[in-house]
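For reference, work27.pdb is printed below; it contains PDB, C-alpha atoms.
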```pdb
ATOM      1  CA  MET H   1     -60.765  10.381  19.605
ATOM      2  CA  TYR H   2     -61.617  10.321  15.914
ATOM      3  CA  TYR H   3     -62.573   7.198  13.983
ATOM      4  CA  GLY H   4     -63.328   7.213  10.268
ATOM      5  CA  ALA H   5     -66.157   5.429   8.543
ATOM      6  CA  LYS H   6     -66.030   1.650   8.144
ATOM      7  CA  ILE H   7     -67.153  -0.097   4.975
ATOM      8  CA  TYR H   8     -68.278  -3.713   5.331
ATOM      9  CA  TYR H   9     -68.409  -5.679   2.077
ATOM     10  CA  GLN H  10     -68.772  -9.241   0.760
ATOM     11  CA  ALA H  11     -65.244 -10.612   0.661
ATOM     12  CA  LEU H  12     -65.734 -12.531  -2.602
ATOM     13  CA  THR H  13     -67.654  -9.967  -4.665
ATOM     14  CA  GLY H  14     -66.833  -6.627  -3.042
ATOM     15  CA  GLN H  15     -70.529  -5.711  -2.776
ATOM     16  CA  VAL H  16     -70.988  -3.133   0.014
ATOM     17  CA  ILE H  17     -73.161  -4.425   2.872
ATOM     18  CA  GLN H  18     -72.947  -1.704   5.533
ATOM     19  CA  VAL H  19     -71.406   1.733   5.942
ATOM     20  CA  VAL H  20     -70.666   2.608   9.556
ATOM     21  CA  PRO H  21     -70.480   6.410   9.908
ATOM     22  CA  PRO H  22     -67.430   8.156  11.368
ATOM     23  CA  GLN H  23     -67.335   8.769  15.119
ATOM     24  CA  ALA H  24     -65.721  11.537  17.152
ATOM     25  CA  GLY H  25     -65.561  12.432  20.831
ATOM     26  CA  GLU H  26     -63.391  12.042  23.866
ATOM     27  CA  LEU H  27     -65.369   9.076  25.201
ATOM     28  CA  VAL H  28     -65.884   7.315  21.855
ATOM     29  CA  VAL H  29     -64.543   3.782  21.698
ATOM     30  CA  PRO H  30     -64.680   2.080  18.299
ATOM     31  CA  ASN H  31     -66.728  -1.093  17.944
ATOM     32  CA  THR H  32     -64.966  -4.316  17.084
ATOM     33  CA  LYS H  33     -66.015  -6.230  13.987
ATOM     34  CA  GLU H  34     -67.890  -8.682  16.216
ATOM     35  CA  GLU H  35     -69.765  -5.844  17.953
ATOM     36  CA  ASP H  36     -70.756  -4.341  14.600
ATOM     37  CA  PHE H  37     -72.061  -7.757  13.518
ATOM     38  CA  LYS H  38     -74.405  -7.715  16.519
ATOM     39  CA  LEU H  39     -75.371  -4.055  16.133
ATOM     40  CA  TYR H  40     -76.256  -3.796  12.420
ATOM     41  CA  ASP H  41     -79.140  -5.826  10.926
ATOM     42  CA  THR H  42     -77.354  -6.051   7.564
ATOM     43  CA  LEU H  43     -74.421  -7.871   9.201
ATOM     44  CA  GLN H  44     -76.368 -10.151  11.540
ATOM     45  CA  GLY H  45     -76.447 -13.782  10.436
ATOM     46  CA  ARG H  46     -73.426 -13.419   8.156
ATOM     47  CA  VAL H  47     -70.291 -15.496   8.607
ATOM     48  CA  LEU H  48     -67.503 -13.263   9.939
ATOM     49  CA  GLY H  49     -64.887 -14.633   7.534
ATOM     50  CA  THR H  50     -66.996 -13.891   4.431
ATOM     51  CA  VAL H  51     -67.169 -10.161   5.151
ATOM     52  CA  GLY H  52     -64.327  -7.719   4.603
ATOM     53  CA  VAL H  53     -63.986  -4.319   6.232
ATOM     54  CA  LEU H  54     -62.218  -1.100   5.257
ATOM     55  CA  GLN H  55     -61.435   1.366   8.047
ATOM     56  CA  LEU H  56     -61.145   4.864   6.556
ATOM     57  CA  GLU H  57     -59.269   7.795   8.060
ATOM     58  CA  TYR H  58     -61.522  10.297   9.831
ATOM     59  CA  PRO H  59     -64.060  11.129   8.531
ATOM     60  CA  TYR H  60     -64.070   9.472   5.055
ATOM     61  CA  GLY H  61     -60.389   9.260   4.133
ATOM     62  CA  LYS H  62     -59.558  10.068   0.527
ATOM     63  CA  TYR H  63     -63.229   9.591  -0.413
ATOM     64  CA  ALA H  64     -64.706  12.692   1.305
ATOM     65  CA  GLU H  65     -65.830  14.240  -1.994
ATOM     66  CA  GLU H  66     -67.438  11.021  -3.246
ATOM     67  CA  PHE H  67     -69.303  10.477   0.041
ATOM     68  CA  SER H  68     -70.815  13.980  -0.234
ATOM     69  CA  SER H  69     -72.789  13.116  -3.371
ATOM     70  CA  MET H  70     -72.648   9.332  -3.877
ATOM     71  CA  VAL H  71     -72.896   6.073  -1.965
ATOM     72  CA  PRO H  72     -70.309   3.276  -1.940
ATOM     73  CA  ALA H  73     -71.490   0.347  -4.048
ATOM     74  CA  LYS H  74     -68.524  -1.980  -4.332
ATOM     75  CA  VAL H  75     -65.003  -2.473  -3.033
ATOM     76  CA  ASN H  76     -62.312  -3.630  -5.422
ATOM     77  CA  ILE H  77     -61.255  -6.773  -3.544
ATOM     78  CA  TYR H  78     -57.799  -6.654  -5.105
ATOM     79  CA  THR H  79     -56.898  -3.004  -4.471
ATOM     80  CA  GLY H  80     -59.271  -1.968  -1.667
ATOM     81  CA  ASP H  81     -60.534   0.989  -3.727
ATOM     82  CA  ILE H  82     -64.194   1.930  -3.275
ATOM     83  CA  LEU H  83     -66.484   2.278  -6.302
ATOM     84  CA  PHE H  84     -69.405   4.677  -5.870
ATOM     85  CA  THR H  85     -72.860   5.096  -7.373
ATOM     86  CA  ARG H  86     -75.315   7.974  -7.431
ATOM     87  CA  GLN H  87     -77.602   8.640  -4.448
ATOM     88  CA  PRO H  88     -80.960   6.926  -5.161
ATOM     89  CA  ASP H  89     -82.958  10.139  -4.676
ATOM     90  CA  GLU H  90     -80.862  12.273  -7.025
ATOM     91  CA  PRO H  91     -82.019  13.146 -10.546
ATOM     92  CA  SER H  92     -80.777  10.884 -13.282
ATOM     93  CA  ALA H  93     -77.994  13.205 -14.407
ATOM     94  CA  PRO H  94     -75.029  11.132 -15.550
ATOM     95  CA  VAL H  95     -72.110  10.801 -13.160
ATOM     96  CA  VAL H  96     -68.818  10.986 -14.970
ATOM     97  CA  MET H  97     -66.472   8.502 -13.374
ATOM     98  CA  PRO H  98     -62.728   8.550 -13.932
ATOM     99  CA  LEU H  99     -61.556   6.198 -16.651
ATOM    100  CA  THR H 100     -59.637   4.039 -14.172
ATOM    101  CA  ASP H 101     -62.834   3.497 -12.140
ATOM    102  CA  ARG H 102     -64.726   2.536 -15.298
ATOM    103  CA  VAL H 103     -61.975   0.028 -16.149
ATOM    104  CA  ASP H 104     -62.245  -1.382 -12.598
ATOM    105  CA  GLN H 105     -66.031  -1.734 -12.955
ATOM    106  CA  ALA H 106     -65.607  -3.438 -16.322
ATOM    107  CA  GLU H 107     -63.131  -5.861 -14.697
ATOM    108  CA  PHE H 108     -65.644  -6.643 -11.937
ATOM    109  CA  ALA H 109     -68.430  -7.236 -14.453
ATOM    110  CA  LEU H 110     -66.193  -9.438 -16.582
ATOM    111  CA  MET H 111     -65.054 -11.494 -13.566
ATOM    112  CA  ASP H 112     -68.672 -11.912 -12.385
ATOM    113  CA  THR H 113     -69.717 -13.048 -15.868
ATOM    114  CA  MET H 114     -66.805 -15.483 -16.098
ATOM    115  CA  MET H 115     -67.556 -16.964 -12.662
ATOM    116  CA  GLU H 116     -71.251 -17.378 -13.497
ATOM    117  CA  THR H 117     -70.379 -19.022 -16.813
ATOM    118  CA  VAL H 118     -68.006 -21.437 -15.066
ATOM    119  CA  ARG H 119     -70.610 -22.269 -12.379
ATOM    120  CA  THR H 120     -73.308 -22.860 -14.987
ATOM    121  CA  GLY H 121     -71.025 -25.029 -17.109
ATOM    122  CA  ILE H 122     -69.910 -27.150 -14.157
ATOM    123  CA  ASN H 123     -73.490 -27.589 -12.927
ATOM    124  CA  GLN H 124     -74.673 -28.636 -16.393
ATOM    125  CA  TYR H 125     -71.725 -30.961 -16.758
ATOM    126  CA  LEU H 126     -72.251 -32.575 -13.361
ATOM    127  CA  ALA H 127     -75.991 -32.973 -14.027
ATOM    128  CA  GLY H 128     -75.211 -35.172 -17.029
ATOM    129  CA  LEU H 129     -72.756 -37.474 -15.234
ATOM    130  CA  ARG H 130     -73.361 -41.081 -14.361
ATOM    131  CA  ALA H 131     -71.752 -42.664 -11.296
ATOM    132  CA  ASP H 132     -69.489 -44.918 -13.401
ATOM    133  CA  SER H 133     -67.891 -41.974 -15.203
ATOM    134  CA  VAL H 134     -66.667 -39.979 -12.199
ATOM    135  CA  ASP H 135     -62.977 -40.561 -13.023
ATOM    136  CA  ASP H 136     -63.538 -39.361 -16.587
ATOM    137  CA  ALA H 137     -65.460 -36.385 -15.218
ATOM    138  CA  LEU H 138     -62.617 -35.450 -12.877
ATOM    139  CA  THR H 139     -60.128 -35.648 -15.727
ATOM    140  CA  ASP H 140     -62.387 -33.491 -17.890
ATOM    141  CA  LEU H 141     -62.863 -30.979 -15.058
ATOM    142  CA  ILE H 142     -59.105 -30.717 -14.545
ATOM    143  CA  LEU H 143     -58.674 -30.135 -18.281
ATOM    144  CA  GLN H 144     -61.443 -27.510 -18.263
ATOM    145  CA  HIS H 145     -59.836 -25.840 -15.242
ATOM    146  CA  THR H 146     -56.515 -25.686 -17.068
ATOM    147  CA  LEU H 147     -58.189 -24.171 -20.138
ATOM    148  CA  LEU H 148     -60.089 -21.659 -17.992
ATOM    149  CA  GLN H 149     -56.897 -20.715 -16.144
ATOM    150  CA  SER H 150     -55.181 -20.151 -19.472
ATOM    151  CA  SER H 151     -58.103 -17.998 -20.658
ATOM    152  CA  PHE H 152     -58.058 -16.090 -17.367
ATOM    153  CA  ASP H 153     -54.307 -15.470 -17.682
ATOM    154  CA  GLU H 154     -54.810 -14.169 -21.241
ATOM    155  CA  LEU H 155     -57.645 -11.936 -20.032
ATOM    156  CA  LYS H 156     -55.504 -10.622 -17.173
ATOM    157  CA  THR H 157     -52.734  -9.825 -19.656
ATOM    158  CA  GLU H 158     -55.231  -7.908 -21.807
ATOM    159  CA  VAL H 159     -56.558  -5.998 -18.799
ATOM    160  CA  ASP H 160     -52.991  -5.105 -17.778
ATOM    161  CA  MET H 161     -52.336  -3.936 -21.337
ATOM    162  CA  TYR H 162     -55.486  -1.748 -21.262
ATOM    163  CA  ARG H 163     -54.425  -0.317 -17.901
ATOM    164  CA  ASN H 164     -51.007   0.571 -19.345
ATOM    165  CA  VAL H 165     -52.589   2.150 -22.428
ATOM    166  CA  THR H 166     -55.005   4.091 -20.191
ATOM    167  CA  ALA H 167     -52.150   5.345 -18.020
ATOM    168  CA  ALA H 168     -50.169   6.381 -21.102
ATOM    169  CA  LEU H 169     -53.198   8.197 -22.542
ATOM    170  CA  LEU H 170     -53.829   9.998 -19.258
ATOM    171  CA  MET H 171     -50.179  11.037 -19.129
ATOM    172  CA  GLU H 172     -50.330  12.262 -22.720
ATOM    173  CA  VAL H 173     -53.493  14.283 -21.969
ATOM    174  CA  THR H 174     -51.742  15.823 -18.963
ATOM    175  CA  ILE H 175     -48.754  16.712 -21.098
ATOM    176  CA  LEU H 176     -50.955  18.175 -23.842
ATOM    177  CA  LYS H 177     -52.768  20.287 -21.252
ATOM    178  CA  GLY H 178     -49.464  21.880 -20.328
ATOM    179  CA  GLY H 179     -48.255  19.598 -17.561
ATOM    180  CA  GLY H 180     -44.987  18.777 -19.288
ATOM    181  CA  GLU H 181     -43.279  18.172 -22.615
ATOM    182  CA  VAL H 182     -44.018  15.439 -25.138
ATOM    183  CA  GLY H 183     -40.989  13.320 -25.684
TER
END
```

As structure tokens, how would this structure be written, given the file I've shared?
Amino acid sequence: MYYGAKIYYQALTGQVIQVVPPQAGELVVPNTKEEDFKLYDTLQGRVLGTVGVLQLEYPYGKYAEEFSSMVPAKVNIYTGDILFTRQPDEPSAPVVMPLTDRVDQAEFALMDTMMETVRTGINQYLAGLRADSVDDALTDLILQHTLLQSSFDELKTEVDMYRNVTAALLMEVTILKGGGEVG
């Protein structure tokens, strides 16, 4: 039996926690998620529902080339794609990532920044509240949530627009390299 690598990651952020190597052999039986949580120190003590897992095809699915020279750093929690980083012991030569991966990383960074800004703002806001103004605070929080949702929707529209532009540019480059006709 052949079982590909498993990637455990934080369900909210996509940060990779543990890479379980591929397994092969007639007597090999894959571990369950619960068994892996007992077996690996990095998973012990974590709440099962807060950890996601990707099961790759044997040995590393479509990521065989990336695994040969890089390590998985993050999982795109929306698409399930794995983002890689350089091996820590490699020289500091730049790794050229595909444009779509760079856009994905920029999205992650932007979302992390937005979430941290929201958390900080809410904490500061709640710290200044008095008990008699809780109703006003709830109203203000609902209004802020609505404004943030609107900003998020605008941001998502911009990201979608950049993805479309990127796809069009990649197609145009392919055409210019001889992959088809412009038209």

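With distances restricted to only C-alpha atoms, H:Thr85 is the closest residue to H:Ser69 from H:Thr85, H:Thr113, H:Asn123, H:Val20.
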
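Atom CA of H:Val53 is found 13.2 Å from atom CA of H:Glu35.
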
For this session: Just the residues within 12 Å of stretch 1-12 of chain H, please, counting all atoms listed in the file, with nothing from its chain fewer than 6 positions along; format it as a VMD selection string.
Result: chain H and resid 18 to 34 36 to 37 40 42 to 43 46 to 64 67 71 to 78 80 to 83 108 111 to 112 115

If the box runs along x, y and z of the file and leaves 5 Å on each side of stretch 7-14 of chain H, what are its centre and edge lengths in Å, one decimal, as AutoDock Vina command-line options?
```
--center_x -67.0 --center_y -6.3 --center_z 0.3 --size_x 13.5 --size_y 22.4 --size_z 20.0
```

Problem set entry | Matched chain/residue IDs from the PyMOL selection byres ((chain H and resi 164-166) around 12), as a list in words | Pro98, Leu99, Thr100, Asp101, Arg102, Val103, Asp104, Thr157, Glu158, Val159, Asp160, Met161, Tyr162, Arg163, Ala167, Ala168, Leu169, Leu170, Met171, Glu172 and Val173 of chain H

Seminar exercise, completed: If you count all atoms listed in the file, the residue of H:Ser151, H:Lys38, H:Phe84, H:Asp140 closest to H:Met114 turns out to be H:Ser151

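Of the listed residues (H:Phe152, H:Ile175, H:Gln87, H:Leu141), H:Leu141 comes nearest to H:Leu126; the distances count all atoms listed in the file.
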
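Coordinates place atom CA of H:Ala106 at a distance of 19.2 Å from atom CA of H:Met70.
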
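Our summary of the geometry notes that atom CA of H:Asp153 is positioned 16.5 Å from atom CA of H:Thr117.
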
Starting from the incomplete input, reconstruct N, CA, C and O atoms of stretch 36-50 of chain H and write that as a compact mmCIF listing (two decimals), in the frame of the given file.
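To be explicit, this is the file written out as rebuild23.txt:
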```
# COMPACT_ATOMS: atom_id res chain seq x y z
N ASP H 36 -69.99 -4.86 15.73
CA ASP H 36 -70.76 -4.34 14.60
C ASP H 36 -71.69 -5.41 14.03
O ASP H 36 -72.80 -5.12 13.61
N PHE H 37 -71.24 -6.67 14.04
CA PHE H 37 -72.06 -7.76 13.52
C PHE H 37 -73.32 -7.95 14.37
O PHE H 37 -74.34 -8.40 13.89
N LYS H 38 -73.24 -7.62 15.64
CA LYS H 38 -74.40 -7.72 16.52
C LYS H 38 -75.29 -6.47 16.40
O LYS H 38 -76.49 -6.55 16.56
N LEU H 39 -74.67 -5.33 16.12
CA LEU H 39 -75.37 -4.06 16.13
C LEU H 39 -76.17 -3.78 14.86
O LEU H 39 -77.28 -3.26 14.92
N TYR H 40 -75.63 -4.14 13.70
CA TYR H 40 -76.26 -3.80 12.42
C TYR H 40 -77.01 -5.00 11.84
O TYR H 40 -76.45 -6.08 11.67
N ASP H 41 -78.29 -4.77 11.49
CA ASP H 41 -79.14 -5.83 10.93
C ASP H 41 -78.53 -6.42 9.66
O ASP H 41 -78.64 -7.62 9.41
N THR H 42 -77.91 -5.58 8.83
CA THR H 42 -77.35 -6.05 7.56
C THR H 42 -76.18 -7.01 7.75
O THR H 42 -75.84 -7.76 6.84
N LEU H 43 -75.56 -6.99 8.93
CA LEU H 43 -74.42 -7.87 9.20
C LEU H 43 -74.81 -9.11 10.00
O LEU H 43 -74.10 -10.12 9.98
N GLN H 44 -75.94 -9.03 10.70
CA GLN H 44 -76.37 -10.15 11.54
C GLN H 44 -76.64 -11.38 10.67
O GLN H 44 -77.20 -11.27 9.60
N GLY H 45 -76.22 -12.52 11.15
CA GLY H 45 -76.45 -13.78 10.44
C GLY H 45 -75.39 -14.08 9.39
O GLY H 45 -75.41 -15.14 8.78
N ARG H 46 -74.50 -13.17 9.14
CA ARG H 46 -73.43 -13.42 8.16
C ARG H 46 -72.24 -14.09 8.85
O ARG H 46 -72.03 -13.92 10.04
N VAL H 47 -71.48 -14.84 8.09
CA VAL H 47 -70.29 -15.50 8.61
C VAL H 47 -69.16 -14.47 8.60
O VAL H 47 -68.89 -13.84 7.57
N LEU H 48 -68.53 -14.29 9.75
CA LEU H 48 -67.50 -13.26 9.94
C LEU H 48 -66.42 -13.31 8.85
O LEU H 48 -66.02 -12.28 8.33
N GLY H 49 -65.97 -14.49 8.50
CA GLY H 49 -64.89 -14.63 7.53
C GLY H 49 -65.27 -14.33 6.10
O GLY H 49 -64.40 -14.19 5.24
N THR H 50 -66.57 -14.18 5.80
CA THR H 50 -67.00 -13.89 4.43
C THR H 50 -67.22 -12.40 4.21
O THR H 50 -67.65 -12.00 3.13
```
